[in-house]
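Visitor: Hey, dropping protein28.cif in here, mmCIF, C-alpha atoms and all ligand atoms:
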data_structure
#
loop_
_atom_site.label_atom_id
_atom_site.label_comp_id
_atom_site.auth_asym_id
_atom_site.auth_seq_id
_atom_site.Cartn_x
_atom_site.Cartn_y
_atom_site.Cartn_z
CA MET A 114 53.20 128.83 83.77
CA LEU A 115 55.66 127.61 81.17
CA ILE A 116 55.22 130.53 78.89
CA LYS A 117 58.07 133.02 78.80
CA LYS A 118 57.17 136.53 79.88
CA PRO A 119 58.91 139.45 78.18
CA SER A 120 60.89 140.06 81.37
CA ASP A 121 62.44 136.59 81.04
CA VAL A 122 63.81 137.42 77.62
CA LEU A 123 66.67 139.78 76.88
CA PRO A 124 65.48 142.40 74.39
CA SER A 125 68.60 141.77 72.35
CA GLU A 126 67.50 138.17 71.85
CA ILE A 127 64.44 139.17 69.89
CA THR A 128 64.33 139.26 66.10
CA PRO A 129 61.21 139.30 63.91
CA ARG A 130 61.88 135.72 62.77
CA GLU A 131 61.95 134.69 66.40
CA TRP A 132 58.66 136.46 67.09
CA TYR A 133 57.03 134.12 64.61
CA ALA A 134 58.81 131.13 66.14
CA ARG A 135 57.87 132.27 69.63
CA ARG A 136 54.29 132.85 68.63
CA ARG A 137 54.10 129.34 67.16
CA GLU A 138 55.77 127.96 70.27
CA PHE A 139 53.36 129.92 72.45
CA LEU A 140 50.38 128.48 70.59
CA ARG A 141 51.89 124.99 70.82
CA GLN A 142 52.43 125.34 74.58
CA ALA A 143 48.96 126.82 74.99
CA ALA A 144 47.54 123.78 73.23
CA ALA A 145 49.61 121.43 75.41
CA LEU A 146 48.37 123.17 78.55
CA GLY A 147 44.78 122.93 77.48
CA LEU A 148 44.57 126.69 77.06
CA ALA A 149 43.65 126.08 73.47
CA GLY A 150 40.21 125.22 74.75
CA THR A 151 39.85 128.73 76.15
CA MET A 152 42.03 130.95 74.08
CA LEU A 153 41.72 129.82 70.50
CA PRO A 154 37.93 129.52 70.35
CA ALA A 155 37.77 132.80 72.27
CA ALA A 156 39.81 134.40 69.53
CA ARG A 157 37.53 132.84 66.96
CA ALA A 158 34.45 134.04 68.82
CA LEU A 159 35.87 137.58 68.85
CA ALA A 160 36.01 137.38 65.09
CA GLN A 161 32.45 136.12 64.80
CA THR A 162 30.26 137.88 67.35
CA ALA A 163 30.39 141.41 65.92
CA SER A 164 30.95 142.52 62.38
CA PRO A 165 34.46 143.60 61.49
CA ILE A 166 34.64 146.92 59.68
CA ILE A 167 36.09 146.19 56.27
CA GLU A 168 34.01 148.49 54.07
CA PRO A 169 33.07 152.17 54.28
CA GLY A 170 29.66 153.45 55.38
CA LYS A 171 29.28 151.49 58.64
CA LEU A 172 30.85 153.96 61.08
CA ALA A 173 29.85 157.46 62.21
CA LYS A 174 30.71 160.23 59.77
CA LEU A 175 33.63 162.45 60.70
CA PRO A 176 34.30 165.00 57.98
CA GLY A 177 37.39 167.17 57.91
CA LYS A 178 38.25 170.35 56.02
CA PRO A 179 40.70 169.58 53.19
CA SER A 180 44.19 170.69 54.19
CA PRO A 181 46.95 172.22 52.05
CA LEU A 182 49.31 169.87 53.93
CA SER A 183 47.75 166.86 52.17
CA ALA A 184 49.77 164.75 49.72
CA ALA A 185 48.57 164.53 46.11
CA ASP A 186 49.36 160.79 45.85
CA LYS A 187 46.62 158.33 44.88
CA ARG A 188 44.80 157.18 48.03
CA THR A 189 45.14 153.57 49.10
CA PRO A 190 41.78 151.77 48.76
CA TYR A 191 39.72 151.76 51.98
CA LYS A 192 39.67 147.99 52.11
CA ASP A 193 43.48 147.79 52.18
CA VAL A 194 43.72 150.54 54.82
CA VAL A 195 41.43 148.61 57.18
CA THR A 196 42.48 145.00 56.54
CA TYR A 197 46.29 145.22 56.26
CA ASN A 198 47.31 146.43 59.70
CA ASN A 199 49.92 146.29 62.39
CA TYR A 200 48.26 146.39 65.79
CA TYR A 201 50.02 143.72 67.83
CA GLU A 202 47.57 143.98 70.72
CA PHE A 203 45.16 142.21 68.36
CA GLY A 204 47.62 139.71 66.89
CA THR A 205 50.83 139.83 64.89
CA ASP A 206 49.42 138.86 61.48
CA LYS A 207 48.36 141.69 59.16
CA SER A 208 44.80 140.32 58.92
CA GLN A 209 44.25 139.81 62.66
CA PRO A 210 43.52 143.41 63.75
CA ALA A 211 40.60 143.61 61.28
CA GLU A 212 39.28 140.28 62.59
CA ASN A 213 39.65 141.06 66.28
CA ALA A 214 39.75 144.79 67.00
CA HIS A 215 36.04 145.56 66.67
CA LYS A 216 35.76 144.18 70.24
CA LEU A 217 37.81 147.13 71.55
CA LYS A 218 35.75 149.20 73.98
CA THR A 219 36.16 152.78 72.76
CA ARG A 220 33.62 154.38 75.20
CA PRO A 221 33.91 155.57 77.87
CA TRP A 222 37.42 156.77 76.95
CA SER A 223 39.62 159.42 78.39
CA VAL A 224 43.22 160.44 77.90
CA ALA A 225 45.32 161.00 81.02
CA ILE A 226 47.67 163.99 80.89
CA ASP A 227 50.58 163.98 83.31
CA GLY A 228 54.20 164.84 83.95
CA GLU A 229 55.67 168.28 83.29
CA VAL A 230 52.43 170.20 82.68
CA LYS A 231 50.34 172.74 84.54
CA ASN A 232 46.97 171.28 83.47
CA LYS A 233 46.96 167.60 84.45
CA LYS A 234 43.21 167.25 84.02
CA PRO A 235 42.40 164.11 81.97
CA ILE A 236 40.44 164.85 78.82
CA ASP A 237 37.34 162.88 77.90
CA ILE A 238 37.20 161.73 74.28
CA GLU A 239 34.01 163.72 73.63
CA ASP A 240 35.78 166.92 74.75
CA LEU A 241 38.93 166.00 72.86
CA LEU A 242 36.91 165.60 69.64
CA LYS A 243 35.70 169.20 70.08
CA LEU A 244 39.07 170.71 70.98
CA ALA A 245 39.88 171.96 67.45
CA PRO A 246 38.38 171.89 63.95
CA MET A 247 38.76 168.57 62.13
CA GLU A 248 40.93 168.58 59.02
CA GLU A 249 41.43 166.00 56.33
CA ARG A 250 45.13 165.21 56.02
CA VAL A 251 46.09 162.83 53.23
CA TYR A 252 49.47 161.44 54.27
CA ARG A 253 51.94 158.95 52.88
CA MET A 254 52.65 156.41 55.62
CA ARG A 255 55.59 154.01 55.47
CA CYS A 256 56.15 150.95 57.61
CA VAL A 257 59.70 149.94 58.52
CA GLU A 258 58.85 146.55 56.97
CA GLY A 259 59.04 148.13 53.49
CA TRP A 260 55.45 148.90 52.48
CA SER A 261 53.53 152.13 52.30
CA MET A 262 50.00 153.50 52.00
CA VAL A 263 48.33 156.87 51.38
CA ILE A 264 45.64 157.48 53.96
CA PRO A 265 43.11 160.34 54.22
CA TRP A 266 43.19 160.88 57.98
CA VAL A 267 40.79 163.12 59.86
CA GLY A 268 42.19 164.93 62.87
CA PHE A 269 43.87 168.09 64.10
CA PRO A 270 47.38 169.10 65.13
CA LEU A 271 48.66 167.51 68.35
CA SER A 272 49.90 171.02 69.21
CA GLU A 273 46.27 171.96 70.07
CA LEU A 274 46.23 169.46 72.93
CA ILE A 275 49.77 170.38 74.01
CA LYS A 276 48.75 174.04 74.31
CA ARG A 277 45.77 173.06 76.47
CA ALA A 278 48.03 171.04 78.78
CA GLU A 279 50.42 173.98 79.30
CA PRO A 280 53.79 172.21 79.45
CA THR A 281 56.34 173.52 81.95
CA SER A 282 59.75 174.70 80.79
CA LYS A 283 61.13 171.28 81.76
CA ALA A 284 59.01 169.42 79.19
CA LYS A 285 61.41 168.37 76.42
CA PHE A 286 59.71 165.16 75.26
CA ILE A 287 56.26 163.57 75.20
CA GLY A 288 55.48 159.90 75.86
CA PHE A 289 52.31 158.17 74.66
CA SER A 290 50.70 154.92 75.86
CA THR A 291 48.13 152.64 74.29
CA ALA A 292 45.26 151.35 76.43
CA THR A 293 45.44 147.75 77.62
CA GLN A 294 42.19 145.77 77.55
CA PRO A 295 43.07 142.17 78.44
CA ASP A 296 39.57 140.95 77.67
CA THR A 297 39.43 142.45 74.17
CA MET A 298 43.11 142.49 73.16
CA ILE A 299 44.03 138.89 72.50
CA GLY A 300 47.57 139.95 71.56
CA LEU A 301 48.36 140.92 75.15
CA ARG A 302 48.68 137.18 75.82
CA LEU A 303 51.59 137.00 73.41
CA PRO A 304 55.07 137.87 74.70
CA VAL A 305 56.00 139.78 71.55
CA LEU A 306 56.30 143.27 73.06
CA GLU A 307 56.14 144.76 76.52
CA TRP A 308 52.64 146.10 77.17
CA PRO A 309 51.36 148.77 77.14
CA TYR A 310 52.70 149.79 73.73
CA VAL A 311 54.54 153.10 74.26
CA GLU A 312 55.97 155.74 71.92
CA GLY A 313 57.47 159.18 72.14
CA LEU A 314 58.42 162.37 70.36
CA ARG A 315 60.73 165.28 71.03
CA MET A 316 58.71 168.41 71.89
CA ASP A 317 59.50 170.21 68.61
CA GLU A 318 58.45 167.11 66.64
CA ALA A 319 55.23 166.92 68.64
CA MET A 320 54.50 170.63 68.01
CA HIS A 321 55.19 170.34 64.25
CA PRO A 322 52.08 171.17 62.17
CA LEU A 323 52.31 167.83 60.30
CA THR A 324 51.95 165.87 63.57
CA ILE A 325 48.29 165.17 64.18
CA LEU A 326 45.98 163.32 66.51
CA GLY A 327 43.91 161.11 64.21
CA PHE A 328 40.26 160.39 64.99
CA GLY A 329 39.07 159.20 61.61
CA LEU A 330 39.91 158.15 58.08
CA TYR A 331 38.02 158.37 54.77
CA GLY A 332 35.52 160.74 56.42
CA GLU A 333 34.42 158.34 59.17
CA VAL A 334 35.62 157.69 62.72
CA LEU A 335 38.58 155.32 62.93
CA PRO A 336 37.89 151.61 62.64
CA SER A 337 39.33 150.04 65.79
CA GLN A 338 42.02 148.20 63.83
CA ASN A 339 43.40 151.61 62.83
CA GLY A 340 43.61 152.83 66.42
CA ALA A 341 40.20 154.10 67.57
CA PRO A 342 39.23 156.33 69.21
CA VAL A 343 42.40 158.44 68.95
CA ARG A 344 45.90 157.80 67.63
CA LEU A 345 49.03 159.64 66.67
CA VAL A 346 49.93 160.23 63.00
CA VAL A 347 53.52 161.29 62.24
CA PRO A 348 54.00 160.94 58.48
CA TRP A 349 57.78 161.43 58.20
CA LYS A 350 58.58 158.61 60.63
CA TYR A 351 58.24 154.84 60.30
CA GLY A 352 54.70 153.64 61.00
CA PHE A 353 55.43 152.23 64.45
CA LYS A 354 55.80 155.77 65.85
CA SER A 355 52.12 156.41 65.03
CA ILE A 356 50.77 154.82 68.20
CA LYS A 357 47.13 153.68 68.32
CA SER A 358 44.30 153.93 70.87
CA ILE A 359 46.07 156.43 73.14
CA ASN A 360 44.98 156.71 76.78
CA ARG A 361 47.93 158.53 78.34
CA ILE A 362 50.18 161.42 77.31
CA THR A 363 53.12 162.22 79.58
CA PHE A 364 55.33 165.31 79.34
CA LEU A 365 58.93 164.53 80.22
CA GLU A 366 62.32 166.09 80.78
CA GLN A 367 64.09 162.91 79.68
CA ILE A 368 63.74 160.84 76.51
CA PRO A 369 60.81 158.40 76.85
CA LYS A 370 60.95 154.64 76.42
CA THR A 371 59.53 153.33 73.16
CA SER A 372 58.23 149.80 72.57
CA TRP A 373 60.33 148.82 69.58
CA ASN A 374 63.47 150.24 71.10
CA ILE A 375 62.83 148.17 74.24
CA ALA A 376 62.32 145.07 72.07
CA ALA A 377 65.36 145.51 69.80
CA ALA A 378 67.45 148.62 70.49
CA GLN A 379 70.05 147.91 67.80
CA GLU A 380 67.29 147.89 65.14
CA TYR A 381 64.86 150.61 66.28
CA GLY A 382 66.00 153.93 67.67
CA PHE A 383 64.02 156.78 69.19
CA TYR A 384 63.91 158.96 66.06
CA SER A 385 62.95 156.39 63.42
CA ASN A 386 62.76 158.95 60.65
CA VAL A 387 62.08 157.45 57.23
CA ASN A 388 65.53 157.50 55.64
CA PRO A 389 66.42 155.56 52.46
CA SER A 390 70.14 155.89 53.21
CA VAL A 391 70.04 154.34 56.69
CA ASP A 392 69.31 150.64 56.29
CA HIS A 393 67.66 148.50 58.91
CA PRO A 394 70.44 146.15 60.15
CA ARG A 395 68.77 143.23 58.34
CA TRP A 396 67.25 144.84 55.22
CA SER A 397 67.47 147.87 52.95
CA GLN A 398 65.21 150.88 53.44
CA ALA A 399 65.91 152.29 49.96
CA THR A 400 62.65 151.12 48.35
CA GLU A 401 59.08 150.28 49.25
CA ARG A 402 55.92 148.67 47.90
CA ARG A 403 52.73 150.77 47.83
CA ILE A 404 49.90 148.56 49.11
CA GLY A 405 47.02 148.19 46.64
CA GLU A 406 49.09 149.56 43.75
CA ASP A 407 52.48 147.91 43.37
CA GLY A 408 52.36 144.19 42.55
CA PHE A 409 54.86 141.80 44.09
CA PHE A 410 56.76 141.44 40.82
CA GLN A 411 56.86 145.13 39.97
CA PRO A 412 60.06 147.07 40.62
CA LYS A 413 59.72 148.70 44.02
CA ARG A 414 59.38 152.47 44.27
CA LYS A 415 62.13 154.56 45.79
CA THR A 416 61.68 155.62 49.39
CA LEU A 417 61.99 159.39 49.84
CA MET A 418 63.99 161.14 52.56
CA PHE A 419 61.68 161.85 55.51
CA ASN A 420 59.01 160.02 53.49
CA GLY A 421 58.81 162.98 51.10
CA TYR A 422 58.29 165.54 53.88
CA ALA A 423 61.92 166.80 53.93
CA ASP A 424 60.96 170.37 52.95
CA GLN A 425 58.81 170.62 56.05
CA VAL A 426 60.82 168.64 58.65
CA ALA A 427 64.51 168.44 57.69
CA LYS A 428 65.21 171.58 59.73
CA LEU A 429 64.26 169.71 62.93
CA TYR A 430 67.39 167.60 62.52
CA THR A 431 70.07 170.00 61.30
CA GLY A 432 73.40 169.12 62.82
CA MET A 433 72.32 165.63 63.84
CA VAL A 434 74.09 162.57 62.41
CA LEU A 435 71.05 160.58 61.30
CA LYS A 436 72.96 157.30 61.05
CA LYS A 437 73.61 157.63 64.76
CA PHE A 438 70.21 159.02 65.74
CA TYR A 439 68.24 156.40 63.76
N1 LIG B 501 49.36 150.33 69.97
C1 LIG B 501 49.94 150.06 68.80
N2 LIG B 501 50.16 151.04 67.90
C2 LIG B 501 50.73 150.76 66.72
C3 LIG B 501 51.16 149.44 66.40
C4 LIG B 501 50.92 148.43 67.37
O1 LIG B 501 51.24 147.24 67.18
N3 LIG B 501 50.29 148.76 68.55
N4 LIG B 501 51.80 149.19 65.20
C5 LIG B 501 52.47 150.33 64.55
C6 LIG B 501 52.94 150.01 63.21
S1 LIG B 501 54.30 148.99 63.09
C7 LIG B 501 52.38 150.56 62.09
S2 LIG B 501 53.06 150.31 60.54
C8 LIG B 501 51.15 151.40 62.18
C9 LIG B 501 50.08 150.86 61.25
O2 LIG B 501 48.93 151.69 61.25
P1 LIG B 501 47.68 151.29 60.34
O3 LIG B 501 47.33 149.85 60.66
O4 LIG B 501 46.58 152.22 60.70
O5 LIG B 501 48.10 151.45 58.91
O6 LIG B 501 50.62 151.44 63.50
C10 LIG B 501 51.59 151.57 64.54
N5 LIG B 501 50.93 151.78 65.82
MO MO B 502 55.18 149.28 60.93
#
Would you write the structure of this file as structure tokens?
Guide:
Amino acid sequence: MLIKKPSDVLPSEITPREWYARRREFLRQAAALGLAGTMLPAARALAQTASPIIEPGKLAKLPGKPSPLSAADKRTPYKDVVTYNNYYEFGTDKSQPAENAHKLKTRPWSVAIDGEVKNKKPIDIEDLLKLAPMEERVYRMRCVEGWSMVIPWVGFPLSELIKRAEPTSKAKFIGFSTATQPDTMIGLRLPVLEWPYVEGLRMDEAMHPLTILGFGLYGEVLPSQNGAPVRLVVPWKYGFKSIKSINRITFLEQIPKTSWNIAAAQEYGFYSNVNPSVDHPRWSQATERRIGEDGFFQPKRKTLMFNGYADQVAKLYTGMVLKKFY
């Protein structure tokens, strides 16, 4: 096979501009190898055989009790929330997850629990859904790329699941993995990230009341492009920490590996707290564009420290130099 695997590429070589170039090169090589005959129409078929969820009212209802932790910001229109996505397993363009992710098999589904815990029993999604009362949490979410949304999530605190797992005294961090479904996730064929997608949190961040497992949005179960059947939602960190379609949670003594840090360590650290005064090495993080509200020619809005959640989370980082722990 002529196509470069991630292991053939030094992480430090990868920049977003190169991802595009590599994706184009990948498609060109695929065409040259005759793979185009299998892969590209397959991708097209994925988009055609079932109906993508791009409007409300098509998925099962999942109500949540309104929470005092919700933001008062205007909610981003449903259509934008479900058609402007990052979910690289389904393609690197913003529109691709909505076109492709409805093929994701979300049942049967269970989440493996392992590492430094007493209760390693995997939890089936149906049991997980019943673990704690569902709440509606309207959160500002900000992507490291410089855009933001306000999403009414439905879920409950991750701490509920952590308590059930009974971490040992050695558990200092938690790692999360996304499922890999080679036959539904066309993006797994692209060497853009190492698969599975992995993320992590420090234990106190994971136990924080703002950190939730998300099962729904806008009062319905999650559309697959938003990470069905269960994802993480951590509103004070850049969007990539909020890992989708979780099938494994591992309790660890040491800091876990995270996908974007593996891909480009000098650009994406473990903490990835939203911070307007720590720029990305190649662009400013001082401002953002609110999807569905701010036009391209409007002045951008100011990004807030910890995405506006400083009152609740700043104390987690007292004494840490945030330019170093980015
Ligand atoms: N498994 C997985 N999770 C992921 C991603 C991804 O590519 N794969 N992208 C992340 C990024 S960069 C962002 S901004 C958010 C976007 O979530 P949304 O599409 O629901 O708004 O998902 C995050 N979780
Ligand atoms: Mo992102």
Visitor: Find the residues of stretch 321-372 of chain A that sit at most 8 Å from stretch 290-312 of chain A; for each, write down the nearest two atoms and how far apart they are in Å, to one decimal. Count only C-alpha atoms. Sort by chain, then by number going up, and give it as a tab-separated table.
Guide:
residue	atom	partner	partner_atom	distance
A:Lys354	CA	A:Glu312	CA	6.1
A:Ser355	CA	A:Glu312	CA	7.9
A:Ile356	CA	A:Glu312	CA	6.5
A:Lys357	CA	A:Thr291	CA	6.1
A:Ser358	CA	A:Thr291	CA	5.3
A:Ile359	CA	A:Thr291	CA	4.5
A:Asn360	CA	A:Ala292	CA	5.4
A:Arg361	CA	A:Ser290	CA	5.2
A:Ile362	CA	A:Ser290	CA	6.7
A:Pro369	CA	A:Glu312	CA	7.4
A:Lys370	CA	A:Glu312	CA	6.8
A:Thr371	CA	A:Glu312	CA	4.5
A:Ser372	CA	A:Val311	CA	5.2
Visitor: Hey, which residues come within 7 Å of ligand LIG 501 (chain B) if we count all atoms listed in the file? Could you give them as a PyMOL selection string?
Guide: chain A and resi 194-195+197-202+255-257+291+310+338-340+351-358
Visitor: Taking 2 positions as the minimum chain separation for residues in the same chain, which residues sit within 12 Å of A:Pro181 when counting all atoms listed in the file? Answer as a ChimeraX atom specification.
Guide: /A:178-179,183-185,248-252,322-323
Visitor: If we count all atoms listed in the file and set the cut-off at 9 Å, which residues sit around A:Met254, ignoring sequence neighbours fewer than 6 positions away in its own chain? Please answer as JSON, numbers by chain.
Guide: {"A": [260, 261, 262, 263, 264, 346, 347, 348, 349, 350, 351, 352, 420]}
Visitor: Go ahead and dump the residues you just picked, C-alpha atoms, as a PDB file, in the coordinates of the input.
Guide:
ATOM      1  CA  TRP A 260      55.450 148.900  52.480  1.00  0.00           C
ATOM      2  CA  SER A 261      53.530 152.130  52.300  1.00  0.00           C
ATOM      3  CA  MET A 262      50.000 153.500  52.000  1.00  0.00           C
ATOM      4  CA  VAL A 263      48.330 156.870  51.380  1.00  0.00           C
ATOM      5  CA  ILE A 264      45.640 157.480  53.960  1.00  0.00           C
ATOM      6  CA  VAL A 346      49.930 160.230  63.000  1.00  0.00           C
ATOM      7  CA  VAL A 347      53.520 161.290  62.240  1.00  0.00           C
ATOM      8  CA  PRO A 348      54.000 160.940  58.480  1.00  0.00           C
ATOM      9  CA  TRP A 349      57.780 161.430  58.200  1.00  0.00           C
ATOM     10  CA  LYS A 350      58.580 158.610  60.630  1.00  0.00           C
ATOM     11  CA  TYR A 351      58.240 154.840  60.300  1.00  0.00           C
ATOM     12  CA  GLY A 352      54.700 153.640  61.000  1.00  0.00           C
ATOM     13  CA  ASN A 420      59.010 160.020  53.490  1.00  0.00           C
TER      14      ASN A 420
END
Visitor: Set the distance at 9 Å and use all atoms listed in the file: which residues neighbour A:Glu229 once local chain neighbours fewer than 4 positions away are removed? I'd like the list as a ChimeraX atom specification.
Guide: /A:233,279-285,363-366
Visitor: Can those selected residues be exported to a file as a compact mmCIF listing (two decimals), in the coordinates of the input so that it contains C-alpha atoms?
Guide:
# COMPACT_ATOMS: atom_id res chain seq x y z
CA LYS A 233 46.96 167.60 84.45
CA GLU A 279 50.42 173.98 79.30
CA PRO A 280 53.79 172.21 79.45
CA THR A 281 56.34 173.52 81.95
CA SER A 282 59.75 174.70 80.79
CA LYS A 283 61.13 171.28 81.76
CA ALA A 284 59.01 169.42 79.19
CA LYS A 285 61.41 168.37 76.42
CA THR A 363 53.12 162.22 79.58
CA PHE A 364 55.33 165.31 79.34
CA LEU A 365 58.93 164.53 80.22
CA GLU A 366 62.32 166.09 80.78
Visitor: Neighbouring residues of A:Glu239 were defined as those with any atom within 10 Å, considering all atoms listed in the file; residues of the same chain fewer than 3 positions away were excluded. Please report them as an NGL selection string.
Guide: :A and (220-223 or 236 or 242-244)
Visitor: Between A:Lys437, A:Arg344, A:Arg414, A:Lys428, which is the closest to A:Val267 once you count only C-alpha atoms?
Guide: A:Arg344
Visitor: Report the distance between atom CA of A:Ala211 and atom CA of A:Trp396 in Å, rounded to one decimal place.
Guide: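 Computed distance, atom CA of A:Ala211 to atom CA of A:Trp396, equals 27.4 Å.
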Visitor: So which one's closest to ligand MO 502 (chain B), A:Leu417, A:Val230, A:Val387, A:Leu429? Using all atoms listed in the file, please.
Guide: A:Val387
